[in-house]
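To be precise, the following lines are query02.csv, and they hold CSV, C-alpha atoms.
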chain,number,residue,atom,x,y,z
A,1,MET,CA,-151.9,128.2,53.0
A,2,LYS,CA,-150.9,124.8,51.6
A,3,SER,CA,-147.6,124.8,53.4
A,4,GLU,CA,-149.3,125.7,56.6
A,5,LEU,CA,-151.6,122.7,56.2
A,6,GLY,CA,-148.9,120.4,55.2
A,7,LEU,CA,-150.2,120.0,51.7
A,8,SER,CA,-147.6,121.7,49.6
A,9,ALA,CA,-146.5,118.4,48.1
A,10,PHE,CA,-149.9,117.5,46.8
A,11,PRO,CA,-149.5,115.6,43.4
A,12,SER,CA,-151.1,117.1,40.3
A,13,PRO,CA,-152.5,115.8,38.0
A,14,GLY,CA,-153.7,112.3,38.7
A,15,ARG,CA,-155.6,110.6,41.5
A,16,PRO,CA,-155.0,112.5,44.7
A,17,ASP,CA,-153.0,111.0,47.5
A,18,LEU,CA,-154.9,112.1,50.5
A,19,GLY,CA,-152.9,110.2,53.1
A,20,ARG,CA,-151.4,113.3,54.5
A,21,VAL,CA,-154.8,115.0,54.8
A,22,ARG,CA,-156.0,112.1,56.9
A,23,ASP,CA,-153.3,112.9,59.4
A,24,LEU,CA,-154.9,116.3,60.0
A,25,PHE,CA,-157.9,114.6,61.5
A,26,PRO,CA,-157.0,113.6,65.1
A,27,ILE,CA,-159.8,111.1,65.6
A,28,PHE,CA,-157.9,108.7,63.3
A,29,SER,CA,-154.9,108.8,65.6
A,30,GLU,CA,-156.8,108.5,68.8
A,31,PRO,CA,-155.7,105.3,70.5
A,32,ARG,CA,-159.3,104.1,71.0
A,33,ARG,CA,-160.1,104.7,67.3
A,34,LYS,CA,-157.0,103.1,65.7
A,35,LYS,CA,-159.2,100.6,63.9
A,36,LEU,CA,-162.0,103.0,63.0
A,37,VAL,CA,-163.2,102.8,59.4
A,38,TYR,CA,-165.5,105.8,59.2
A,39,LEU,CA,-168.0,105.5,56.3
A,40,ASP,CA,-170.7,107.8,57.6
A,41,SER,CA,-169.5,111.2,56.4
A,42,ALA,CA,-172.9,112.0,54.8
A,43,SER,CA,-174.3,112.1,58.3
A,44,THR,CA,-171.5,114.2,59.7
A,45,SER,CA,-167.9,114.7,58.7
A,46,GLN,CA,-164.9,114.3,61.1
A,47,LYS,CA,-163.2,117.5,62.1
A,48,PRO,CA,-159.6,118.5,61.2
A,49,ARG,CA,-157.3,119.7,63.9
A,50,LEU,CA,-157.2,123.2,62.5
A,51,VAL,CA,-161.0,123.6,62.9
A,52,ILE,CA,-160.9,122.2,66.4
A,53,ASP,CA,-158.1,124.5,67.4
A,54,ALA,CA,-159.7,127.5,65.8
A,55,GLU,CA,-162.9,127.1,67.8
A,56,ALA,CA,-161.0,126.4,71.0
A,57,ASP,CA,-158.8,129.4,70.4
A,58,TYR,CA,-161.8,131.6,69.9
A,59,TYR,CA,-163.2,130.6,73.3
A,60,ARG,CA,-159.8,131.0,75.0
A,61,THR,CA,-159.0,134.4,73.6
A,62,THR,CA,-161.9,136.2,72.0
A,63,ASN,CA,-165.3,135.0,73.3
A,64,ALA,CA,-167.9,137.7,73.6
A,65,SER,CA,-171.4,138.5,72.3
A,66,VAL,CA,-171.2,139.7,68.7
A,67,HIS,CA,-172.9,142.9,67.6
A,68,ARG,CA,-173.9,143.6,71.2
A,69,GLY,CA,-170.9,145.1,73.2
A,70,ASN,CA,-169.3,148.6,73.1
A,71,TYR,CA,-166.0,147.2,74.2
A,72,GLU,CA,-162.8,145.9,72.6
A,73,LEU,CA,-163.4,142.1,73.1
A,74,SER,CA,-166.9,142.3,71.6
A,75,ALA,CA,-165.6,144.4,68.7
A,76,GLU,CA,-162.9,141.8,67.9
A,77,SER,CA,-165.4,138.9,68.1
A,78,THR,CA,-167.8,140.8,65.8
A,79,GLN,CA,-165.0,141.5,63.3
A,80,LEU,CA,-164.1,137.8,63.1
A,81,TYR,CA,-167.7,136.8,62.9
A,82,GLU,CA,-168.3,139.1,59.9
A,83,GLN,CA,-165.0,138.1,58.3
A,84,ALA,CA,-166.2,134.5,58.4
A,85,ARG,CA,-169.5,135.5,56.7
A,86,ALA,CA,-167.5,137.1,53.9
A,87,ARG,CA,-165.3,134.0,53.7
A,88,VAL,CA,-168.4,131.8,53.2
A,89,ALA,CA,-169.7,134.2,50.6
A,90,ALA,CA,-166.5,133.9,48.6
A,91,PHE,CA,-166.4,130.1,48.9
A,92,VAL,CA,-169.8,129.6,47.3
A,93,ASN,CA,-169.6,132.7,45.1
A,94,ALA,CA,-172.5,134.5,46.7
A,95,PRO,CA,-173.3,138.0,45.4
A,96,ALA,CA,-172.2,139.7,48.6
A,97,PRO,CA,-171.4,139.0,52.3
A,98,GLU,CA,-175.0,140.1,53.0
A,99,SER,CA,-176.2,137.1,51.0
A,100,VAL,CA,-175.0,134.8,53.7
A,101,VAL,CA,-177.4,134.2,56.6
A,102,TYR,CA,-176.2,132.3,59.7
A,103,VAL,CA,-178.7,129.7,60.9
A,104,ARG,CA,-178.5,126.5,63.0
A,105,SER,CA,-178.6,124.0,60.1
A,106,THR,CA,-179.8,123.1,56.6
A,107,THR,CA,-183.1,122.2,58.2
A,108,THR,CA,-183.4,125.6,59.9
A,109,ALA,CA,-182.5,127.3,56.6
A,110,ILE,CA,-185.3,125.5,54.6
A,111,ASN,CA,-187.8,126.1,57.4
A,112,THR,CA,-186.9,129.7,57.3
A,113,ILE,CA,-187.3,129.8,53.6
A,114,ALA,CA,-190.6,128.0,53.6
A,115,ASN,CA,-192.1,130.2,56.3
A,116,GLY,CA,-190.6,133.3,54.8
A,117,LEU,CA,-192.3,132.7,51.5
A,118,ALA,CA,-195.7,132.0,53.0
A,119,HIS,CA,-197.0,135.6,52.6
A,120,ARG,CA,-196.3,135.3,48.9
A,121,LEU,CA,-198.4,132.2,48.4
A,122,LYS,CA,-202.1,131.5,48.2
A,123,PRO,CA,-204.4,128.4,48.2
A,124,GLY,CA,-203.9,126.4,45.0
A,125,ASP,CA,-200.3,127.4,44.4
A,126,GLU,CA,-197.9,124.6,43.6
A,127,ILE,CA,-194.6,123.6,45.0
A,128,LEU,CA,-192.4,121.2,42.9
A,129,LEU,CA,-190.0,118.8,44.7
A,130,THR,CA,-188.4,115.5,43.8
A,131,GLU,CA,-189.0,112.0,45.0
A,132,MET,CA,-185.5,111.8,46.4
A,133,GLU,CA,-185.7,114.6,48.9
A,134,HIS,CA,-184.4,114.4,52.4
A,135,HIS,CA,-187.0,115.1,55.1
A,136,ALA,CA,-185.4,118.5,55.7
A,137,ASN,CA,-186.4,119.6,52.2
A,138,LEU,CA,-189.8,117.8,52.3
A,139,VAL,CA,-191.4,118.1,55.7
A,140,PRO,CA,-191.3,122.0,55.9
A,141,TRP,CA,-193.1,122.1,52.5
A,142,ILE,CA,-195.6,119.5,53.6
A,143,MET,CA,-196.3,121.6,56.7
A,144,LEU,CA,-196.7,124.8,54.6
A,145,ALA,CA,-198.9,123.0,52.1
A,146,LYS,CA,-201.2,121.8,54.8
A,147,ARG,CA,-201.4,125.2,56.4
A,148,MET,CA,-202.0,127.1,53.2
A,149,ARG,CA,-203.8,124.5,51.0
A,150,LEU,CA,-201.0,124.3,48.5
A,151,SER,CA,-200.4,121.5,46.0
A,152,LEU,CA,-197.2,119.5,46.2
A,153,ARG,CA,-195.8,117.9,42.9
A,154,TYR,CA,-192.8,115.7,42.5
A,155,ILE,CA,-190.2,115.0,39.8
A,156,PRO,CA,-190.1,111.2,39.6
A,157,VAL,CA,-187.1,109.0,40.2
A,158,THR,CA,-186.3,106.5,37.5
A,159,GLU,CA,-185.3,102.9,38.1
A,160,ALA,CA,-181.7,103.8,37.4
A,161,GLY,CA,-181.8,106.4,40.2
A,162,ASP,CA,-181.9,109.5,38.1
A,163,LEU,CA,-184.6,112.2,37.9
A,164,ASP,CA,-187.0,111.9,35.0
A,165,LEU,CA,-186.5,115.4,33.7
A,166,SER,CA,-188.7,114.6,30.7
A,167,MET,CA,-191.5,115.3,33.1
A,168,LEU,CA,-190.2,118.7,34.1
A,169,ASN,CA,-192.1,120.9,31.6
A,170,THR,CA,-195.3,118.9,32.4
A,171,LEU,CA,-194.9,119.3,36.1
A,172,LEU,CA,-194.1,123.0,36.0
A,173,THR,CA,-197.1,125.3,35.5
A,174,ARG,CA,-198.0,128.9,35.9
A,175,LYS,CA,-199.1,127.9,39.4
A,176,THR,CA,-195.7,126.7,40.4
A,177,ARG,CA,-194.4,129.2,42.9
A,178,VAL,CA,-191.4,127.2,44.4
A,179,VAL,CA,-189.1,124.6,43.1
A,180,ALA,CA,-187.1,123.0,45.9
A,181,ILE,CA,-184.6,120.3,45.0
A,182,THR,CA,-181.5,118.5,46.4
A,183,HIS,CA,-178.2,119.0,44.8
A,184,LEU,CA,-177.1,115.4,45.6
A,185,SER,CA,-179.3,112.6,47.0
A,186,ASN,CA,-178.3,111.4,50.4
A,187,VAL,CA,-179.6,107.9,49.5
A,188,LEU,CA,-179.1,107.4,45.8
A,189,GLY,CA,-175.9,109.5,45.5
A,190,THR,CA,-177.4,111.0,42.4
A,191,ILE,CA,-175.9,114.4,41.3
A,192,VAL,CA,-178.9,116.5,40.3
A,193,PRO,CA,-178.5,118.9,37.3
A,194,VAL,CA,-179.6,121.8,39.5
A,195,ALA,CA,-178.5,124.6,37.1
A,196,GLU,CA,-180.6,123.0,34.3
A,197,ILE,CA,-183.6,122.7,36.5
A,198,ALA,CA,-183.2,126.2,37.8
A,199,ARG,CA,-183.1,127.7,34.3
A,200,THR,CA,-186.3,125.9,33.3
A,201,ALA,CA,-188.1,126.8,36.6
A,202,LYS,CA,-187.2,130.5,36.2
A,203,GLN,CA,-189.1,130.5,32.9
A,204,PHE,CA,-192.2,129.8,34.9
A,205,GLY,CA,-191.5,132.5,37.5
A,206,ALA,CA,-190.7,130.0,40.3
A,207,VAL,CA,-188.5,130.7,43.2
A,208,VAL,CA,-185.7,128.0,43.1
A,209,VAL,CA,-184.3,126.6,46.4
A,210,ILE,CA,-181.4,124.2,46.5
A,211,ASP,CA,-180.6,121.8,49.4
A,212,ALA,CA,-176.8,121.6,49.0
A,213,ALA,CA,-176.1,119.7,52.3
A,214,GLN,CA,-174.6,116.7,50.6
A,215,ALA,CA,-172.8,118.6,47.8
A,216,ILE,CA,-171.0,121.2,49.8
A,217,GLY,CA,-167.3,120.4,50.3
A,218,HIS,CA,-167.5,117.4,48.0
A,219,MET,CA,-167.5,119.2,44.6
A,220,PRO,CA,-167.1,122.7,43.3
A,221,LEU,CA,-170.2,124.8,44.0
A,222,ASP,CA,-171.0,128.2,42.5
A,223,PHE,CA,-174.2,129.8,43.8
A,224,GLN,CA,-174.4,132.4,41.0
A,225,ALA,CA,-173.6,129.9,38.3
A,226,ILE,CA,-176.4,127.5,39.5
A,227,GLY,CA,-178.8,130.4,39.1
A,228,ALA,CA,-181.0,129.5,42.1
A,229,ASP,CA,-182.6,132.0,44.3
A,230,LEU,CA,-181.8,130.4,47.6
A,231,LEU,CA,-179.4,127.7,48.8
A,232,ALA,CA,-179.0,125.9,52.1
A,233,PHE,CA,-176.2,123.9,53.7
A,234,SER,CA,-174.6,122.9,57.0
A,235,ALA,CA,-171.0,123.4,58.3
A,236,HIS,CA,-170.8,120.0,59.9
A,237,LYS,CA,-171.2,118.2,56.6
A,238,CYS,CA,-168.0,119.7,55.3
A,239,TYR,CA,-165.5,119.4,58.2
A,240,GLY,CA,-166.9,122.4,60.2
A,241,PRO,CA,-168.5,122.5,63.6
A,242,PRO,CA,-172.1,121.3,64.2
A,243,GLY,CA,-174.9,123.7,65.1
A,244,LEU,CA,-174.1,126.0,62.2
A,245,GLY,CA,-175.9,126.3,58.9
A,246,PHE,CA,-176.2,128.8,56.1
A,247,MET,CA,-179.0,130.3,54.0
A,248,ILE,CA,-177.6,131.9,50.8
A,249,GLY,CA,-179.6,134.3,48.6
A,250,ALA,CA,-179.2,137.5,46.7
A,251,PRO,CA,-180.0,140.3,49.1
A,252,GLU,CA,-183.0,141.4,47.0
A,253,ILE,CA,-184.4,137.8,47.3
A,254,LEU,CA,-183.8,137.7,51.1
A,255,ASP,CA,-185.6,141.1,51.3
A,256,LEU,CA,-188.7,139.3,50.1
A,257,LEU,CA,-188.8,136.8,52.9
A,258,GLU,CA,-190.5,137.4,56.2
A,259,PRO,CA,-188.4,136.4,59.3
A,260,PHE,CA,-189.1,133.1,60.8
A,261,GLU,CA,-187.9,133.8,64.3
A,262,GLY,CA,-188.3,136.9,66.4
A,263,GLY,CA,-186.2,138.2,69.2
A,264,GLY,CA,-183.0,140.1,69.8
A,265,GLN,CA,-180.6,141.1,67.1
A,266,MET,CA,-183.2,140.8,64.2
A,267,ILE,CA,-185.1,144.0,65.0
A,268,HIS,CA,-184.9,147.7,64.1
A,269,LYS,CA,-187.5,149.1,66.4
A,270,VAL,CA,-189.8,147.4,68.9
A,271,PHE,CA,-192.9,148.8,70.5
A,272,TYR,CA,-195.5,147.2,72.8
A,273,ASP,CA,-197.8,146.6,69.8
A,274,ASP,CA,-195.4,146.5,66.8
A,275,ALA,CA,-191.9,145.8,65.6
A,276,THR,CA,-189.8,146.5,62.5
A,277,TRP,CA,-186.9,144.4,61.2
A,278,ALA,CA,-183.2,144.9,60.8
A,279,PRO,CA,-181.8,144.8,57.3
A,280,VAL,CA,-180.6,141.6,55.7
A,281,PRO,CA,-179.0,139.4,56.9
A,282,GLN,CA,-179.6,140.3,60.5
A,283,LYS,CA,-183.4,140.1,60.2
A,284,PHE,CA,-183.0,136.3,60.1
A,285,GLU,CA,-180.5,136.0,62.9
A,286,ALA,CA,-182.5,136.2,66.1
A,287,GLY,CA,-180.9,135.4,69.4
A,288,THR,CA,-177.3,134.8,70.4
A,289,PRO,CA,-175.5,133.1,67.5
A,290,ASN,CA,-173.1,130.2,67.5
A,291,SER,CA,-170.2,132.5,67.0
A,292,GLY,CA,-167.5,130.1,67.9
A,293,ALA,CA,-168.6,127.7,65.2
A,294,ALA,CA,-169.0,130.5,62.7
A,295,ILE,CA,-165.5,131.8,63.4
A,296,ALA,CA,-163.9,128.3,63.2
A,297,PHE,CA,-165.6,127.3,59.9
A,298,PRO,CA,-163.3,129.3,57.6
A,299,ALA,CA,-160.5,126.9,58.7
A,300,ALA,CA,-162.4,124.1,57.1
A,301,LEU,CA,-162.8,126.1,53.9
A,302,ASP,CA,-159.1,126.8,53.9
A,303,LEU,CA,-158.5,123.1,54.0
A,304,LEU,CA,-160.9,122.4,51.2
A,305,GLU,CA,-159.4,125.1,49.0
A,306,ALA,CA,-155.9,124.0,49.7
A,307,VAL,CA,-156.7,120.5,48.6
A,308,GLY,CA,-158.9,121.7,45.7
A,309,LEU,CA,-162.6,120.9,45.1
A,310,GLU,CA,-161.9,119.4,41.7
A,311,ARG,CA,-159.4,117.1,43.3
A,312,ILE,CA,-161.8,116.1,46.1
A,313,ARG,CA,-164.5,115.4,43.6
A,314,ALA,CA,-162.1,113.2,41.6
A,315,HIS,CA,-161.1,111.3,44.8
A,316,GLU,CA,-164.7,110.6,45.8
A,317,ARG,CA,-165.6,109.6,42.3
A,318,ASP,CA,-162.7,107.1,42.4
A,319,LEU,CA,-163.9,105.7,45.7
A,320,ALA,CA,-167.5,105.5,44.5
A,321,GLY,CA,-166.4,103.6,41.4
A,322,TYR,CA,-164.2,101.2,43.5
A,323,THR,CA,-167.1,100.6,45.9
A,324,LEU,CA,-169.6,99.9,43.2
A,325,GLU,CA,-167.1,97.5,41.6
A,326,LYS,CA,-166.6,95.6,44.8
A,327,LEU,CA,-170.2,95.5,45.9
A,328,ARG,CA,-171.4,94.3,42.5
A,329,ALA,CA,-169.2,91.2,42.9
A,330,LEU,CA,-171.1,90.2,46.0
A,331,PRO,CA,-174.1,88.0,45.4
A,332,SER,CA,-177.4,89.2,46.9
A,333,ILE,CA,-176.1,92.8,47.4
A,334,LYS,CA,-178.4,95.3,45.7
A,335,ILE,CA,-177.1,98.8,45.0
A,336,LEU,CA,-179.3,101.9,45.0
A,337,GLY,CA,-178.8,104.7,42.6
A,338,PRO,CA,-176.7,105.2,39.4
A,339,LEU,CA,-174.1,102.6,38.6
A,340,ASP,CA,-172.0,105.2,36.8
A,341,PRO,CA,-169.7,106.9,39.3
A,342,ASP,CA,-169.7,110.1,37.1
A,343,LYS,CA,-173.4,110.5,38.0
A,344,ARG,CA,-173.1,110.1,41.7
A,345,GLY,CA,-171.3,111.7,44.7
A,346,GLY,CA,-169.3,110.1,47.4
A,347,LEU,CA,-171.8,107.7,48.9
A,348,VAL,CA,-173.2,104.3,48.0
A,349,SER,CA,-176.4,102.9,49.6
A,350,PHE,CA,-177.1,99.2,49.3
A,351,TYR,CA,-178.9,96.3,51.0
A,352,ASP,CA,-178.4,92.5,51.4
A,353,GLU,CA,-181.4,90.4,50.4
A,354,HIS,CA,-180.9,88.2,53.3
A,355,ILE,CA,-179.7,90.5,56.1
A,356,HIS,CA,-181.7,93.5,57.6
A,357,PRO,CA,-179.7,96.7,57.2
A,358,HIS,CA,-179.7,97.3,61.0
A,359,ASP,CA,-178.3,93.8,61.6
A,360,LEU,CA,-175.8,94.3,58.9
A,361,ALA,CA,-174.6,97.6,60.4
A,362,THR,CA,-174.3,96.1,63.8
A,363,LEU,CA,-172.1,93.3,62.5
A,364,LEU,CA,-170.0,95.7,60.4
A,365,ASP,CA,-169.4,97.7,63.6
A,366,GLU,CA,-168.0,94.6,65.2
A,367,ARG,CA,-165.2,94.9,62.6
A,368,GLY,CA,-164.8,98.6,63.2
A,369,VAL,CA,-166.7,99.7,60.1
A,370,ALA,CA,-169.1,102.5,60.7
A,371,VAL,CA,-171.9,102.8,58.2
A,372,ARG,CA,-175.4,104.3,58.4
A,373,ALA,CA,-178.5,102.0,58.4
A,374,GLY,CA,-182.1,103.1,58.2
A,375,HIS,CA,-184.2,105.2,55.9
A,376,HIS,CA,-181.7,108.1,56.0
A,377,CYS,CA,-184.4,110.6,56.6
A,378,ALA,CA,-186.0,109.7,53.2
A,379,GLN,CA,-188.9,107.4,54.1
A,380,PRO,CA,-190.9,108.2,50.9
A,381,LEU,CA,-188.0,107.4,48.6
A,382,HIS,CA,-187.4,104.1,50.4
A,383,ARG,CA,-191.1,103.3,50.2
A,384,LYS,CA,-191.0,104.0,46.5
A,385,LEU,CA,-188.1,101.6,46.2
A,386,GLY,CA,-190.0,98.9,48.1
A,387,LEU,CA,-187.7,99.1,51.1
A,388,THR,CA,-188.0,100.0,54.8
A,389,ALA,CA,-184.2,100.7,55.1
A,390,SER,CA,-180.8,100.4,53.5
A,391,ALA,CA,-177.2,100.6,54.5
A,392,ARG,CA,-175.0,103.5,53.3
A,393,ALA,CA,-171.3,103.9,53.0
A,394,SER,CA,-170.3,107.6,52.5
A,395,PHE,CA,-167.0,109.1,52.0
A,396,GLY,CA,-164.9,112.1,53.0
A,397,ILE,CA,-161.6,113.7,52.2
A,398,TYR,CA,-159.9,111.3,54.6
A,399,THR,CA,-161.5,108.1,53.1
A,400,THR,CA,-159.2,105.6,51.4
A,401,ARG,CA,-159.5,102.5,49.3
A,402,ASP,CA,-158.3,100.6,52.3
A,403,ASP,CA,-161.5,101.7,54.0
A,404,ILE,CA,-163.5,100.2,51.2
A,405,ASP,CA,-161.6,97.0,51.4
A,406,ALA,CA,-162.3,96.8,55.1
A,407,LEU,CA,-166.0,97.3,54.3
A,408,ILE,CA,-166.0,94.5,51.8
A,409,ASP,CA,-164.1,92.2,54.3
A,410,ALA,CA,-166.7,93.1,57.0
A,411,LEU,CA,-169.5,92.3,54.6
A,412,HIS,CA,-168.0,88.8,54.0
A,413,PHE,CA,-167.9,88.4,57.8
A,414,ALA,CA,-171.5,89.4,58.1
A,415,ARG,CA,-172.7,87.1,55.4
A,416,SER,CA,-170.8,84.2,56.8
A,417,TYR,CA,-172.3,84.9,60.3
A,418,PHE,CA,-175.8,84.5,58.9
A,419,THR,CA,-175.1,81.4,56.8
A,420,ARG,CA,-173.1,79.3,59.3

Could you render the structure from this file as structure tokens?
Amino acid sequence: MKSELGLSAFPSPGRPDLGRVRDLFPIFSEPRRKKLVYLDSASTSQKPRLVIDAEADYYRTTNASVHRGNYELSAESTQLYEQARARVAAFVNAPAPESVVYVRSTTTAINTIANGLAHRLKPGDEILLTEMEHHANLVPWIMLAKRMRLSLRYIPVTEAGDLDLSMLNTLLTRKTRVVAITHLSNVLGTIVPVAEIARTAKQFGAVVVIDAAQAIGHMPLDFQAIGADLLAFSAHKCYGPPGLGFMIGAPEILDLLEPFEGGGQMIHKVFYDDATWAPVPQKFEAGTPNSGAAIAFPAALDLLEAVGLERIRAHERDLAGYTLEKLRALPSIKILGPLDPDKRGGLVSFYDEHIHPHDLATLLDERGVAVRAGHHCAQPLHRKLGLTASARASFGIYTTRDDIDALIDALHFARSYFTR
């Protein structure tokens, strides 16, 4: 596979040279994007040519409804669709292909989980979250808590941007039914010790849910080693197509959930006054799926495994450390999250005491530097930090130190613009 991807000469050991990988992403050679410095991979990653070609090839040669046609084309499409499911299961070390449920996004997965657990909850039960959650792993639980009169509790964030795990055994009680936590904060960059939290939560009999949207594709991830019950992530965050997400769980755990959506494909028998469900995973896959995206996604996984997840983690750790070093040298720039790159993933959020993040992002864009500005779908965390917004630079497999240097030069430009 490495030779097919043009990666056979990858150096090892040492800091990875990802220049050749960058060439696999056509947007960076697009004439209109020659000066693009893309630092918004936490929002969505760019797509490598092999993923683009895989999806286009599916629509050119094999497009048909999966699991619905008694003809050759549909059978081929279904086979590829199920092979992709098995490929995802292997990538995250899920117990079985049936452990992988296709959904639309991480958000859809967590909504499916929250609603699927509702029948096992009663008023007064508790759900434990963290103060650094993305709205996708916050709002579904708020909605459920309001509907069922549940109690929401939160593991606090320290001033350094870590979770205060000294509070864990106090916050966990015999009423705790669900613990839902991010693997990596999309604002602070904090890598959360999810396996440690899962072990402790299991001692209280809680169902453990992991939002892995920011971790997937950026570091090694082993579902069974984490020890969680359920895990959610999206393809578009790790070089795959948009409109495709995954809910991972042991089949016996998925059996406990009620389906969130009803319709075609997820049923066993339907009557005018009743219905029964198909087995896992189909019972969660109502409607016509995004089969083209599903079948193209393994190409992204091939790329990630050819490069190596440990190597990708080392690369992004290096970029985070370099960015922290450069930003700390700029007066009036304040950094959010841990200052130790070993404790954070490939993103750095910050703000300038004198420039609103939206203005800052606009000026950076004038220099071809694309960063995210806003609350990053984490309003409560920003409120806790005393902020309405921040700017965020986030990295991918294609990001280089030159991109960080361009960010720093653009920041100097922005600061001179407001002081002239």

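Using only C-alpha atoms, the residues found no farther than 9 Å from region 351-367 of chain A, other than those of its own chain fewer than 4 positions away, are A:Lys35, A:Leu36, A:Val37, A:Pro331, A:Ser332, A:Ile333, A:Lys334, A:Ile335, A:Leu336, A:Val371, A:Arg372, A:Ala373, A:Gly374, A:Ala389, A:Ser390, A:Ala391, A:Arg392, A:Ala406, A:Leu407, A:Asp409, A:Ala410, A:Leu411, A:Phe413, A:Ala414, A:Arg415, A:Tyr417, A:Phe418.
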
So that I can see what lies close to Ala293 (chain A), please list as a PDB file with C-alpha atoms, in the frame of the given file the residues with an atom at most 7 Å from it, counting only C-alpha atoms and leaving out residues fewer than 4 positions away in the same chain.
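Result went into part01.pdb, see below:
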ATOM      1  CA  GLU A  55    -162.900 127.100  67.800  1.00  0.00           C
ATOM      2  CA  PRO A 241    -168.500 122.500  63.600  1.00  0.00           C
ATOM      3  CA  LEU A 244    -174.100 126.000  62.200  1.00  0.00           C
ATOM      4  CA  PHE A 297    -165.600 127.300  59.900  1.00  0.00           C
TER       5      PHE A 297
END

(message) Considering all atoms listed in the file, can you say which of A:Lys269, A:His218, A:His412, A:Arg33 comes closest to Arg317 (chain A)?
(response) A:His218

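CA of Phe233 (chain A) lies 7.7 Å from CA of Ala109 (chain A).
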
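We find CA of Pro279 (chain A) and CA of Leu144 (chain A) to be spaced 25.1 Å apart.
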
(message) Rounded to one decimal, what separation in Å do you get between CA of Ile197 (chain A) and CA of Leu221 (chain A)?
(response) 15.5 Å

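Shortest atom-to-atom contact with Phe25 (chain A) among A:Ser43, A:Glu72, A:Ile397, A:Ile253: A:Ile397, counting all atoms listed in the file.
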
(message) Taking 6 positions as the minimum chain separation for residues in the same chain, which residues sit within 10 Å of Pro338 (chain A) when counting all atoms listed in the file? Answer as a list in words.
(response) Thr158, Glu159, Ala160, Gly161, Asp162, Leu188, Gly189, Thr190, Ile191, Leu324, Arg344, Gly345 and Val348 of chain A

(message) I'd like the neighbourhood of Ala96 (chain A) as number ranges by chain, where a residue qualifies if any of its atoms comes within 9 Å (using only C-alpha atoms), though same-chain residues fewer than 6 positions away should be ignored.
(response) A: 86, 89-90, 250-251

(request) For region 130-142 of chain A, list every protein, DNA or RNA residue within 6 Å, evaluated using all atoms listed in the file, and leave out those in the same chain fewer than 4 positions away; present the list as a VMD selection string. (result) chain A and resid 107 111 154 to 157 377 to 378 381

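Here the question is which of A:Gln79, A:Leu128, A:Ala42, A:Ala294 gets nearest to Gly240 (chain A) using only C-alpha atoms, and that residue is A:Ala294.
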
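If you measure from each of A:Val66, A:Leu256, A:Leu303, A:Leu168 to Thr78 (chain A) using all atoms listed in the file, the closest one turns out to be A:Val66.
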
(message) When you count all atoms listed in the file, which of these residues is closest to Gly124 (chain A): A:Gln203, A:Thr173, A:Ser151, A:Ser291?
(response) A:Ser151

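Within 9 Å of the point (-179.7, 136.1, 64.5), counting all atoms listed in the file, the protein and nucleic acid residues come to Val101, Tyr102, Val103, Glu261, Gly262, Gly263, Gly264, Gln265, Met266, Pro281, Gln282, Lys283, Phe284, Glu285, Ala286, Gly287, Thr288 and Pro289 of chain A.
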
(message) Given all atoms listed in the file as the basis, pick out the residue of A:Arg328, A:Met167, A:Glu30, A:Ile295 nearest to Asp57 (chain A).
(response) A:Ile295
